[in-house]
Amino acid sequence: MPSSGTATFDGVDILAEPVRHRRHLGWLGESAPADDDLTVKAYLKYRAKLKGEQSRKIPHRVREAMSICGLDGLAGSVIGTLSRGQRKRVALADAVLLRPRLLLLDDVFAGLDDSSREAVASMISSFSVFAAIVVSGHETECFARIGARAVELKGGVIS
Amino acid sequence: MKLPMIVMFRTLTRLARQTTTLFAAAAFFAATGALFANGLFAAEGTAVSAPSIWALSVANVLPLLTSLLTMRLWSEDGNEERMEADLVVPVPERVFAIGRFAASYLAVMMSVALALVVPLFILPCNSPALSSQLSVVRFLPAFAALAVLALPLTAIGSMTGVFFRNAMSAAVASMAMTYALPYAVYRALISWSPAARMKFAESPVIARITDASDGFFSFGAAVVAFAFMISALFAASKALALRRIAGDGRLVLKLSSYAAILSALLSAVLMSALALRLDFMVEWPGAVRTASFSARTREILSEISHPVRISAFMRRESSGFLPVARLLRLVESESRSVAGAGITCEFVDPRWDPNAAVRLVRAGAGEDTIVFSAGRRRIVVPVKDFDESVCASAVQRLSMPAKSETVLFTVGHGEPSIGDYGPSGLGDAARALRQEGYRVGTHHSLTSSVPKDCSVLVIVGARTPFSTAELRDIGLFIAHGGRILVADSGRPDTGIRMILDRIGIVPVAEESEHVGTTDGSDIIVSDFGEHAVSTHLHGSAVLFANGANRYSVPLASAPNQHGFSVSALCPSGKYAFAVAAEKGAALRSDLAIRPARLVAIGDPSFFLNGALHSRANANRDLFLNSIAWLVGMDVSGAVGAPSNVLSVRMDRASRIRFLVYSTVAVPFAVVMFAGLWMIRRRRSFK
């Protein structure tokens, strides 16, 4: 939520209708939050239900998200046993689960090694087909790799 | 409802996999088991029911359980951005608040249900005497009461978790709000308000739990529980929404959200005050009442024609305060349920309520007494003698016309003295009669005839002969409708046999077949005849000395050749250890005719102090019932022995065994099974 000013999504004030705009929003936090006690597949199914997807479409959504994020071989793995990079991919899969129109990815490349960064960058590029993507972070070379338009913030102000 | 259920099931599985849930449940079982066992032992011989003891033991630990189960509902989510991930989905905050509350509430109630293992399975194995009183149906009201209590406790625990990022801080805050704060408010209220102090004998929460366990549900208490539950859930959802606002911005939005939270809490307080003001009791339909008065007492309470006030004049810290308070609350509830004229109870602490104390002292009451008052009439009963039968008798006496009956004990023939409080005296019997409102005195039959105002003449344990003149005088007394209680020593030379012969009561010489006590010195009789004196004693037992006389009892109830109808009170085969005789009963409807009555007990030591000392036997009740019937209260008197007295009957070894099982067995089993399951699950992850 903006600390001041307004924000609109499709012309709708997000403060006036806070739930409606979230249907089209995907978010990835810095710590890649996920439920450690669930398997990857179970977690994505739970998130799809929570986001209001129809029951008959959930298996397809989950398969698609896992495929896009390279999680096919980890479907039965418990999230708590995954590496940091794998957890990040699970959180990404959650963010793109219902093909949102806007993706907010906070510090998506932080803590990843080079190969993981390359893999994530490739995924983000593929997301641009269906979503507008806002990525934040300090890894400028990664942003260049995905062809992002860069905006620099200094003291909370766009410089 | 679908989304909250999705959140609820997810939260339930998370709770099931947390070790804090396991240890919280184990600690809960151990604490409730210990409290239940100790409460049971302490309540032996009182009218407190096992379900209410269990409910109180759970209620005292429930705030701890709800705090521990809810402390990790939200706190760690905030640290790991899991809460932000949840807040991003298109689901209102209230869905998460309701779903997680529902999950933790289910976990709490499953723990409470599992705690029933101790009273329903472990206790019957250790106390067969109680097994008939222990069933799922009898514990349902208590379980329902705890289910209502758990609603606001769990909701408040869930709410505090939203405000704190640290689990332990959330747990401490929850404990403070659900246990410390209500207790502090209660203590402050009774310290500052004399009216509240006299009205509330104990914490209203404890009182309502006890009442609900006995089948009386307070509508006001249920409204309070729901009001605080809803306001806590509202506060939780508002607090979740506030999480979205980072930094110092949106000040107006933040303030309005806090104002909404405070308004919700204030509304809950106001609604609770209104509900308690308009409170009424709802009786559990079809429940088996586990702690209630006898049918006779309920009848007495329903016949009260004008209000009665009962004042407990004692210190709150005294050991007898809580049992007295609970009995008086039961009296109030029963009088409301039977729609009598109404009984109000007050609790006067001499240290805190000087004005009320002075009023009672001027009325003739000392400290540690129970004062029954109706208008200008008062009856004062010592706390140590206070029980159901004394209470019912006092209430009944106040509602009867102010006429005091006189009971005279004969002296001069070796009888025990009514002023003797030693083991072989009659002091306790005389005091019991005075507490019932009788005037008690002695009759020197050698020097005077039986006074006209003598309601009952008592002849106990005479050892020297009555003179011919005395026997003639007693005979005339009976012929003119007099009432006599005889506890005969069996000596043929005293002349008492002659009196009994004239009535048709014949002692027999055969040895009785009896069931003795462990030392063979007493005869236990637990069969009682269908007579106004004894019919309410079913389920209890009286003690006679070994060698007590027995009397023949006619098969038919028709009057014998002397015109008396003789009935067995304590039958022993074809005979009886105690009989009642009445002449002219058929003419009783004519107020001018007063039928003669006699009760003969074949044991002169039956109501000596030593025999009356133990309340585990019904000798006192049989004695008082006999006097009541002789006086003429057979229609509106004769309170039976309470049939709902808690009797655990465990020896020392059984008590220790039960305490160990209830405190250790269930928690150990839970830790073992749940721990093995967790270890197995973790191994499968690897």
# chains A, B, ... in the order shown; residues from 1 in each chain; ligands from 1
>>> select_by_dssp(residues="segment 255-503 of chain B", states="alpha helix (DSSP H)", output="mmCIF file with N, CA and C atoms, in the first residue's frame")
data_model
loop_
_atom_site.group_PDB
_atom_site.id
_atom_site.type_symbol
_atom_site.label_atom_id
_atom_site.label_comp_id
_atom_site.auth_asym_id
_atom_site.auth_seq_id
_atom_site.Cartn_x
_atom_site.Cartn_y
_atom_site.Cartn_z
ATOM 1 N N LEU B 255 -5.201 5.869 12.184
ATOM 2 C CA LEU B 255 -5.961 6.277 13.370
ATOM 3 C C LEU B 255 -7.390 5.765 13.308
ATOM 4 N N SER B 256 -7.965 5.819 12.118
ATOM 5 C CA SER B 256 -9.346 5.337 12.011
ATOM 6 C C SER B 256 -9.416 3.840 12.262
ATOM 7 N N SER B 257 -8.394 3.113 11.854
ATOM 8 C CA SER B 257 -8.376 1.663 12.106
ATOM 9 C C SER B 257 -8.257 1.379 13.592
ATOM 10 N N TYR B 258 -7.376 2.106 14.284
ATOM 11 C CA TYR B 258 -7.248 1.916 15.733
ATOM 12 C C TYR B 258 -8.542 2.299 16.449
ATOM 13 N N ALA B 259 -9.159 3.370 15.963
ATOM 14 C CA ALA B 259 -10.432 3.783 16.567
ATOM 15 C C ALA B 259 -11.489 2.708 16.377
ATOM 16 N N ALA B 260 -11.480 2.074 15.206
ATOM 17 C CA ALA B 260 -12.443 0.995 14.950
ATOM 18 C C ALA B 260 -12.201 -0.172 15.890
ATOM 19 N N ILE B 261 -10.923 -0.484 16.134
ATOM 20 C CA ILE B 261 -10.594 -1.592 17.041
ATOM 21 C C ILE B 261 -11.092 -1.268 18.447
ATOM 22 N N LEU B 262 -10.810 -0.054 18.909
ATOM 23 C CA LEU B 262 -11.242 0.322 20.263
ATOM 24 C C LEU B 262 -12.761 0.340 20.363
ATOM 25 N N SER B 263 -13.412 0.801 19.295
ATOM 26 C CA SER B 263 -14.879 0.829 19.303
ATOM 27 C C SER B 263 -15.439 -0.578 19.400
ATOM 28 N N ALA B 264 -14.806 -1.506 18.689
ATOM 29 C CA ALA B 264 -15.273 -2.895 18.740
ATOM 30 C C ALA B 264 -15.149 -3.454 20.145
ATOM 31 N N LEU B 265 -14.025 -3.175 20.795
ATOM 32 C CA LEU B 265 -13.837 -3.688 22.157
ATOM 33 C C LEU B 265 -14.831 -3.033 23.112
ATOM 34 N N LEU B 266 -15.043 -1.743 22.922
ATOM 35 C CA LEU B 266 -15.986 -1.040 23.790
ATOM 36 C C LEU B 266 -17.404 -1.586 23.590
ATOM 37 N N SER B 267 -17.752 -1.850 22.332
ATOM 38 C CA SER B 267 -19.080 -2.422 22.050
ATOM 39 C C SER B 267 -19.235 -3.765 22.736
ATOM 40 N N ALA B 268 -18.168 -4.544 22.722
ATOM 41 C CA ALA B 268 -18.224 -5.855 23.381
ATOM 42 C C ALA B 268 -18.462 -5.672 24.876
ATOM 43 N N VAL B 269 -17.787 -4.711 25.476
ATOM 44 C CA VAL B 269 -17.959 -4.484 26.918
ATOM 45 C C VAL B 269 -19.392 -4.049 27.219
ATOM 46 N N LEU B 270 -19.920 -3.124 26.412
ATOM 47 C CA LEU B 270 -21.277 -2.630 26.663
ATOM 48 C C LEU B 270 -22.316 -3.735 26.454
ATOM 49 N N MET B 271 -22.112 -4.504 25.385
ATOM 50 C CA MET B 271 -23.045 -5.596 25.117
ATOM 51 C C MET B 271 -23.009 -6.609 26.252
ATOM 52 N N SER B 272 -21.823 -6.856 26.780
ATOM 53 C CA SER B 272 -21.679 -7.811 27.877
ATOM 54 C C SER B 272 -22.396 -7.300 29.116
ATOM 55 N N ALA B 273 -22.228 -6.018 29.408
ATOM 56 C CA ALA B 273 -22.886 -5.456 30.590
ATOM 57 C C ALA B 273 -24.403 -5.572 30.464
ATOM 58 N N LEU B 274 -24.921 -5.306 29.260
ATOM 59 C CA LEU B 274 -26.358 -5.401 29.051
ATOM 60 C C LEU B 274 -26.831 -6.847 29.172
ATOM 61 N N ALA B 275 -26.066 -7.748 28.604
ATOM 62 C CA ALA B 275 -26.460 -9.157 28.649
ATOM 63 C C ALA B 275 -26.454 -9.677 30.082
ATOM 64 N N LEU B 276 -25.479 -9.272 30.871
ATOM 65 C CA LEU B 276 -25.423 -9.744 32.258
ATOM 66 C C LEU B 276 -26.535 -9.112 33.087
ATOM 67 N N ARG B 277 -26.925 -7.903 32.717
ATOM 68 C CA ARG B 277 -28.019 -7.247 33.438
ATOM 69 C C ARG B 277 -29.332 -7.978 33.194
ATOM 70 N N ALA B 295 -35.523 -34.387 45.756
ATOM 71 C CA ALA B 295 -36.871 -34.002 45.335
ATOM 72 C C ALA B 295 -37.594 -33.289 46.459
ATOM 73 N N ARG B 296 -37.309 -33.710 47.661
ATOM 74 C CA ARG B 296 -37.977 -33.106 48.810
ATOM 75 C C ARG B 296 -37.561 -31.650 48.971
ATOM 76 N N THR B 297 -36.268 -31.393 48.798
ATOM 77 C CA THR B 297 -35.785 -30.018 48.925
ATOM 78 C C THR B 297 -36.377 -29.138 47.836
ATOM 79 N N ARG B 298 -36.425 -29.662 46.628
ATOM 80 C CA ARG B 298 -37.017 -28.871 45.542
ATOM 81 C C ARG B 298 -38.474 -28.557 45.843
ATOM 82 N N GLU B 299 -39.153 -29.508 46.461
ATOM 83 C CA GLU B 299 -40.562 -29.275 46.803
ATOM 84 C C GLU B 299 -40.655 -28.171 47.853
ATOM 85 N N ILE B 300 -39.766 -28.215 48.821
ATOM 86 C CA ILE B 300 -39.760 -27.178 49.861
ATOM 87 C C ILE B 300 -39.506 -25.815 49.231
ATOM 88 N N LEU B 301 -38.541 -25.739 48.325
ATOM 89 C CA LEU B 301 -38.216 -24.453 47.697
ATOM 90 C C LEU B 301 -39.378 -23.935 46.859
ATOM 91 N N SER B 302 -40.118 -24.846 46.258
ATOM 92 C CA SER B 302 -41.226 -24.391 45.416
ATOM 93 C C SER B 302 -42.391 -23.890 46.244
ATOM 94 N N PHE B 321 -15.469 -21.310 52.702
ATOM 95 C CA PHE B 321 -16.207 -20.288 51.950
ATOM 96 C C PHE B 321 -16.696 -20.814 50.606
ATOM 97 N N LEU B 322 -15.803 -21.418 49.846
ATOM 98 C CA LEU B 322 -16.198 -21.861 48.504
ATOM 99 C C LEU B 322 -17.296 -22.916 48.532
ATOM 100 N N PRO B 323 -17.192 -23.957 49.374
ATOM 101 C CA PRO B 323 -18.305 -24.928 49.418
ATOM 102 C C PRO B 323 -19.633 -24.279 49.786
ATOM 103 N N VAL B 324 -19.596 -23.359 50.745
ATOM 104 C CA VAL B 324 -20.826 -22.658 51.128
ATOM 105 C C VAL B 324 -21.335 -21.828 49.956
ATOM 106 N N ALA B 325 -20.427 -21.127 49.289
ATOM 107 C CA ALA B 325 -20.834 -20.269 48.173
ATOM 108 C C ALA B 325 -21.478 -21.086 47.071
ATOM 109 N N ARG B 326 -20.915 -22.225 46.791
ATOM 110 C CA ARG B 326 -21.466 -23.032 45.704
ATOM 111 C C ARG B 326 -22.817 -23.613 46.084
ATOM 112 N N LEU B 327 -22.933 -24.005 47.330
ATOM 113 C CA LEU B 327 -24.226 -24.548 47.752
ATOM 114 C C LEU B 327 -25.290 -23.458 47.703
ATOM 115 N N LEU B 328 -24.933 -22.257 48.123
ATOM 116 C CA LEU B 328 -25.913 -21.169 48.096
ATOM 117 C C LEU B 328 -26.270 -20.778 46.671
ATOM 118 N N ARG B 329 -25.290 -20.850 45.778
ATOM 119 C CA ARG B 329 -25.605 -20.513 44.393
ATOM 120 C C ARG B 329 -26.543 -21.551 43.807
ATOM 121 N N LEU B 330 -26.330 -22.794 44.209
ATOM 122 C CA LEU B 330 -27.232 -23.859 43.770
ATOM 123 C C LEU B 330 -28.624 -23.636 44.314
ATOM 124 N N VAL B 331 -28.710 -23.172 45.565
ATOM 125 C CA VAL B 331 -30.014 -22.871 46.152
ATOM 126 C C VAL B 331 -30.713 -21.795 45.340
ATOM 127 N N GLU B 332 -29.984 -20.735 45.008
ATOM 128 C CA GLU B 332 -30.577 -19.653 44.208
ATOM 129 C C GLU B 332 -31.068 -20.171 42.874
ATOM 130 N N SER B 333 -30.234 -20.960 42.204
ATOM 131 C CA SER B 333 -30.606 -21.480 40.891
ATOM 132 C C SER B 333 -31.826 -22.378 40.995
ATOM 133 N N GLU B 334 -31.833 -23.255 41.997
ATOM 134 C CA GLU B 334 -32.955 -24.180 42.160
ATOM 135 C C GLU B 334 -34.241 -23.413 42.455
ATOM 136 N N SER B 335 -34.149 -22.383 43.290
ATOM 137 C CA SER B 335 -35.375 -21.661 43.620
ATOM 138 C C SER B 335 -35.927 -20.958 42.388
ATOM 139 N N ARG B 336 -35.022 -20.505 41.504
ATOM 140 C CA ARG B 336 -35.503 -19.882 40.262
ATOM 141 C C ARG B 336 -36.147 -20.924 39.374
ATOM 142 N N SER B 337 -35.526 -22.113 39.315
ATOM 143 C CA SER B 337 -36.029 -23.122 38.379
ATOM 144 C C SER B 337 -37.357 -23.706 38.829
ATOM 145 N N PRO B 354 -18.336 -3.788 56.946
ATOM 146 C CA PRO B 354 -18.665 -3.553 58.362
ATOM 147 C C PRO B 354 -20.127 -3.249 58.610
ATOM 148 N N ASN B 355 -20.745 -2.507 57.689
ATOM 149 C CA ASN B 355 -22.155 -2.142 57.904
ATOM 150 C C ASN B 355 -23.037 -3.385 57.896
ATOM 151 N N ALA B 356 -22.823 -4.210 56.897
ATOM 152 C CA ALA B 356 -23.623 -5.436 56.814
ATOM 153 C C ALA B 356 -23.300 -6.349 57.990
ATOM 154 N N ALA B 357 -22.028 -6.356 58.399
ATOM 155 C CA ALA B 357 -21.640 -7.203 59.527
ATOM 156 C C ALA B 357 -22.327 -6.751 60.811
ATOM 157 N N VAL B 358 -22.403 -5.445 61.003
ATOM 158 C CA VAL B 358 -23.072 -4.934 62.204
ATOM 159 C C VAL B 358 -24.543 -5.334 62.192
ATOM 160 N N ARG B 359 -25.137 -5.248 61.027
ATOM 161 C CA ARG B 359 -26.571 -5.624 60.904
ATOM 162 C C ARG B 359 -26.769 -7.065 61.333
ATOM 163 N N LEU B 360 -25.873 -7.944 60.894
ATOM 164 C CA LEU B 360 -26.028 -9.359 61.219
ATOM 165 C C LEU B 360 -25.727 -9.621 62.694
ATOM 166 N N VAL B 361 -24.721 -8.937 63.221
ATOM 167 C CA VAL B 361 -24.390 -9.142 64.635
ATOM 168 C C VAL B 361 -25.558 -8.701 65.520
ATOM 169 N N ARG B 362 -26.182 -7.591 65.160
ATOM 170 C CA ARG B 362 -27.340 -7.132 65.935
ATOM 171 C C ARG B 362 -28.494 -8.103 65.837
ATOM 172 N N GLU B 388 -27.264 -29.365 52.761
ATOM 173 C CA GLU B 388 -28.546 -29.247 52.057
ATOM 174 C C GLU B 388 -29.725 -29.398 53.007
ATOM 175 N N SER B 389 -29.655 -30.403 53.867
ATOM 176 C CA SER B 389 -30.820 -30.668 54.713
ATOM 177 C C SER B 389 -31.035 -29.531 55.704
ATOM 178 N N VAL B 390 -29.963 -29.003 56.259
ATOM 179 C CA VAL B 390 -30.103 -27.873 57.190
ATOM 180 C C VAL B 390 -30.664 -26.672 56.456
ATOM 181 N N CYS B 391 -30.181 -26.435 55.253
ATOM 182 C CA CYS B 391 -30.648 -25.295 54.461
ATOM 183 C C CYS B 391 -32.137 -25.433 54.176
ATOM 184 N N ALA B 392 -32.550 -26.612 53.712
ATOM 185 C CA ALA B 392 -33.960 -26.813 53.380
ATOM 186 C C ALA B 392 -34.829 -26.672 54.620
ATOM 187 N N SER B 393 -34.359 -27.223 55.724
ATOM 188 C CA SER B 393 -35.145 -27.133 56.957
ATOM 189 C C SER B 393 -35.303 -25.687 57.393
ATOM 190 N N ALA B 394 -34.221 -24.943 57.318
ATOM 191 C CA ALA B 394 -34.289 -23.542 57.736
ATOM 192 C C ALA B 394 -35.239 -22.755 56.845
ATOM 193 N N VAL B 395 -35.133 -22.968 55.546
ATOM 194 C CA VAL B 395 -36.009 -22.256 54.608
ATOM 195 C C VAL B 395 -37.466 -22.633 54.868
ATOM 196 N N GLN B 396 -37.673 -23.909 55.127
ATOM 197 C CA GLN B 396 -39.044 -24.355 55.374
ATOM 198 C C GLN B 396 -39.588 -23.750 56.659
ATOM 199 N N ARG B 397 -38.750 -23.720 57.670
ATOM 200 C CA ARG B 397 -39.209 -23.172 58.953
ATOM 201 C C ARG B 397 -39.574 -21.719 58.823
ATOM 202 N N LEU B 398 -38.809 -20.986 58.017
ATOM 203 C CA LEU B 398 -39.109 -19.569 57.855
ATOM 204 C C LEU B 398 -40.427 -19.356 57.122
ATOM 205 N N SER B 399 -40.767 -20.314 56.279
ATOM 206 C CA SER B 399 -42.007 -20.136 55.518
ATOM 207 C C SER B 399 -43.209 -20.680 56.255
ATOM 208 N N GLY B 427 -25.642 -34.226 73.331
ATOM 209 C CA GLY B 427 -25.477 -32.819 73.009
ATOM 210 C C GLY B 427 -25.648 -32.507 71.532
ATOM 211 N N ASP B 428 -25.095 -33.345 70.682
ATOM 212 C CA ASP B 428 -25.199 -33.096 69.240
ATOM 213 C C ASP B 428 -26.636 -33.211 68.764
ATOM 214 N N ALA B 429 -27.355 -34.188 69.298
ATOM 215 C CA ALA B 429 -28.757 -34.358 68.900
ATOM 216 C C ALA B 429 -29.563 -33.131 69.297
ATOM 217 N N ALA B 430 -29.318 -32.645 70.522
ATOM 218 C CA ALA B 430 -30.051 -31.466 70.992
ATOM 219 C C ALA B 430 -29.710 -30.246 70.146
ATOM 220 N N ARG B 431 -28.436 -30.110 69.806
ATOM 221 C CA ARG B 431 -28.034 -28.966 68.986
ATOM 222 C C ARG B 431 -28.651 -29.060 67.601
ATOM 223 N N ALA B 432 -28.693 -30.250 67.026
ATOM 224 C CA ALA B 432 -29.321 -30.421 65.711
ATOM 225 C C ALA B 432 -30.779 -30.012 65.753
ATOM 226 N N LEU B 433 -31.450 -30.360 66.854
ATOM 227 C CA LEU B 433 -32.864 -29.988 66.973
ATOM 228 C C LEU B 433 -33.012 -28.469 67.080
ATOM 229 N N ARG B 434 -32.134 -27.851 67.832
ATOM 230 C CA ARG B 434 -32.224 -26.379 67.974
ATOM 231 C C ARG B 434 -31.986 -25.711 66.626
ATOM 232 N N GLN B 435 -31.054 -26.249 65.840
ATOM 233 C CA GLN B 435 -30.799 -25.693 64.514
ATOM 234 C C GLN B 435 -32.012 -25.840 63.605
ATOM 235 N N THR B 468 -44.734 -46.467 88.460
ATOM 236 C CA THR B 468 -46.072 -46.719 87.913
ATOM 237 C C THR B 468 -46.758 -45.420 87.526
ATOM 238 N N ALA B 469 -46.569 -44.403 88.378
ATOM 239 C CA ALA B 469 -47.192 -43.108 88.081
ATOM 240 C C ALA B 469 -46.620 -42.504 86.799
ATOM 241 N N GLU B 470 -45.337 -42.644 86.638
ATOM 242 C CA GLU B 470 -44.710 -42.101 85.421
ATOM 243 C C GLU B 470 -45.232 -42.822 84.181
ATOM 244 N N LEU B 471 -45.311 -44.130 84.267
ATOM 245 C CA LEU B 471 -45.791 -44.898 83.122
ATOM 246 C C LEU B 471 -47.249 -44.552 82.810
ATOM 247 N N ARG B 472 -48.038 -44.318 83.873
ATOM 248 C CA ARG B 472 -49.436 -43.951 83.657
ATOM 249 C C ARG B 472 -49.504 -42.601 82.975
ATOM 250 N N ASP B 473 -48.648 -41.694 83.401
ATOM 251 C CA ASP B 473 -48.637 -40.344 82.832
ATOM 252 C C ASP B 473 -48.243 -40.378 81.352
ATOM 253 N N ILE B 474 -47.261 -41.190 81.054
ATOM 254 C CA ILE B 474 -46.837 -41.317 79.654
ATOM 255 C C ILE B 474 -47.961 -41.953 78.831
ATOM 256 N N GLY B 475 -48.639 -42.952 79.412
ATOM 257 C CA GLY B 475 -49.763 -43.593 78.732
ATOM 258 C C GLY B 475 -50.865 -42.601 78.417
ATOM 259 N N LEU B 476 -51.159 -41.720 79.379
ATOM 260 C CA LEU B 476 -52.194 -40.705 79.154
ATOM 261 C C LEU B 476 -51.739 -39.736 78.062
ATOM 262 N N PHE B 477 -50.473 -39.421 78.098
ATOM 263 C CA PHE B 477 -49.923 -38.510 77.080
ATOM 264 C C PHE B 477 -50.135 -39.079 75.677
ATOM 265 N N ILE B 478 -49.890 -40.382 75.554
ATOM 266 C CA ILE B 478 -50.092 -41.017 74.247
ATOM 267 C C ILE B 478 -51.574 -41.069 73.904
ATOM 268 N N ALA B 479 -52.383 -41.390 74.864
ATOM 269 C CA ALA B 479 -53.828 -41.528 74.621
ATOM 270 C C ALA B 479 -54.438 -40.220 74.145
ATOM 271 N N ILE B 496 -40.370 -49.540 79.858
ATOM 272 C CA ILE B 496 -40.595 -49.051 78.490
ATOM 273 C C ILE B 496 -41.283 -50.125 77.652
ATOM 274 N N ARG B 497 -40.954 -51.368 77.913
ATOM 275 C CA ARG B 497 -41.587 -52.463 77.158
ATOM 276 C C ARG B 497 -43.088 -52.464 77.353
ATOM 277 N N MET B 498 -43.518 -52.062 78.567
ATOM 278 C CA MET B 498 -44.959 -52.027 78.830
ATOM 279 C C MET B 498 -45.621 -51.003 77.914
ATOM 280 N N ILE B 499 -44.971 -49.861 77.740
ATOM 281 C CA ILE B 499 -45.520 -48.824 76.853
ATOM 282 C C ILE B 499 -45.591 -49.343 75.424
ATOM 283 N N LEU B 500 -44.512 -49.998 74.999
ATOM 284 C CA LEU B 500 -44.496 -50.519 73.640
ATOM 285 C C LEU B 500 -45.522 -51.625 73.467
ATOM 286 N N ASP B 501 -45.726 -52.442 74.529
ATOM 287 C CA ASP B 501 -46.717 -53.516 74.427
ATOM 288 C C ASP B 501 -48.102 -52.942 74.218
ATOM 289 N N ARG B 502 -48.406 -51.833 74.868
ATOM 290 C CA ARG B 502 -49.739 -51.230 74.748
ATOM 291 C C ARG B 502 -49.983 -50.688 73.351
ATOM 292 N N ILE B 503 -48.883 -50.497 72.635
ATOM 293 C CA ILE B 503 -49.016 -49.985 71.270
ATOM 294 C C ILE B 503 -48.987 -51.127 70.271
#
>>> residues_around(residues="Ala121 of chain A", least_positions_apart="3", cutoff="9 Å", atoms="only C-alpha atoms", output="PyMOL selection string")
chain A and resi 109+116-118+124-126+142-143+145-146
>>> write_last_selection(atoms="N, CA and C atoms", output="PDB file, in the first residue's frame")
ATOM      1  N   PHE A 109      16.991 -11.572  -7.533  1.00  0.00           N
ATOM      2  CA  PHE A 109      18.285 -12.215  -7.803  1.00  0.00           C
ATOM      3  C   PHE A 109      19.171 -12.305  -6.552  1.00  0.00           C
ATOM      4  N   SER A 116      21.961 -19.861 -11.264  1.00  0.00           N
ATOM      5  CA  SER A 116      20.572 -19.659 -10.830  1.00  0.00           C
ATOM      6  C   SER A 116      20.058 -18.331 -11.343  1.00  0.00           C
ATOM      7  N   ARG A 117      20.941 -17.332 -11.311  1.00  0.00           N
ATOM      8  CA  ARG A 117      20.507 -16.021 -11.778  1.00  0.00           C
ATOM      9  C   ARG A 117      20.147 -16.089 -13.249  1.00  0.00           C
ATOM     10  N   GLU A 118      20.953 -16.803 -13.998  1.00  0.00           N
ATOM     11  CA  GLU A 118      20.691 -16.923 -15.427  1.00  0.00           C
ATOM     12  C   GLU A 118      19.352 -17.616 -15.653  1.00  0.00           C
ATOM     13  N   ILE A 124      11.992 -14.876 -16.140  1.00  0.00           N
ATOM     14  CA  ILE A 124      11.351 -13.561 -16.085  1.00  0.00           C
ATOM     15  C   ILE A 124      11.089 -13.063 -17.498  1.00  0.00           C
ATOM     16  N   SER A 125      12.014 -13.318 -18.354  1.00  0.00           N
ATOM     17  CA  SER A 125      11.812 -12.906 -19.747  1.00  0.00           C
ATOM     18  C   SER A 125      10.580 -13.570 -20.326  1.00  0.00           C
ATOM     19  N   SER A 126      10.392 -14.829 -20.006  1.00  0.00           N
ATOM     20  CA  SER A 126       9.235 -15.537 -20.552  1.00  0.00           C
ATOM     21  C   SER A 126       7.934 -15.014 -19.943  1.00  0.00           C
ATOM     22  N   CYS A 142      22.020  -8.210 -14.222  1.00  0.00           N
ATOM     23  CA  CYS A 142      20.884  -9.131 -14.454  1.00  0.00           C
ATOM     24  C   CYS A 142      19.734  -8.388 -15.122  1.00  0.00           C
ATOM     25  N   PHE A 143      19.533  -7.146 -14.712  1.00  0.00           N
ATOM     26  CA  PHE A 143      18.442  -6.383 -15.311  1.00  0.00           C
ATOM     27  C   PHE A 143      18.721  -6.168 -16.791  1.00  0.00           C
ATOM     28  N   ARG A 145      20.383  -8.121 -18.639  1.00  0.00           N
ATOM     29  CA  ARG A 145      20.206  -9.397 -19.335  1.00  0.00           C
ATOM     30  C   ARG A 145      18.762  -9.610 -19.740  1.00  0.00           C
ATOM     31  N   ILE A 146      17.833  -9.179 -18.898  1.00  0.00           N
ATOM     32  CA  ILE A 146      16.420  -9.399 -19.217  1.00  0.00           C
ATOM     33  C   ILE A 146      15.830  -8.238 -19.984  1.00  0.00           C
TER      34      ILE A 146
END
>>> interface_residues(of="chain A", to="chain B", cutoff="8 Å", atoms="only C-alpha atoms", output="PyMOL selection string")
chain A and resi 1-4+19-23+25-29+31-35+37+46+49-52+77-78+81
>>> atom_distance(atom1="atom CA of His413 of chain B", atom2="atom CA of Glu582 of chain B")
26.0 Å
>>> atom_distance(atom1="atom CA of Met168 of chain B", atom2="atom CA of Leu82 of chain A")
28.1 Å
>>> atom_distance(atom1="atom CA of Arg483 of chain B", atom2="atom CA of Ala596 of chain B")
5.8 Å
>>> select_by_dssp(residues="segment 326-489 of chain B", states="strand (DSSP E or B)", output="PyMOL selection string")
chain B and resi 343-348+369-374+377-382+406-410+439-443+456-460+483-487
>>> residues_around(residues="segment 210-218 of chain B", least_positions_apart="5", cutoff="6 Å", atoms="only C-alpha atoms", output="CSV table (one decimal) with C-alpha atoms, in the first residue's frame")
chain,number,residue,atom,x,y,z
B,52,SER,CA,-18.1,-29.5,37.5
B,141,PRO,CA,-23.0,-29.8,29.7
B,142,ALA,CA,-19.5,-29.2,31.1
B,145,ALA,CA,-19.6,-24.7,28.8
B,280,PHE,CA,-31.4,-15.6,32.7
B,281,MET,CA,-30.7,-19.3,33.1
B,282,VAL,CA,-31.4,-21.9,30.5
B,283,GLU,CA,-31.6,-25.5,31.8
B,284,TRP,CA,-29.9,-28.1,29.7
B,291,ALA,CA,-25.5,-31.9,41.4
>>> residues_around(residues="Tyr551 of chain B", least_positions_apart="3", cutoff="8 Å", atoms="only C-alpha atoms", output="NGL selection string")
:B and (505-508 or 575-579 or 602)
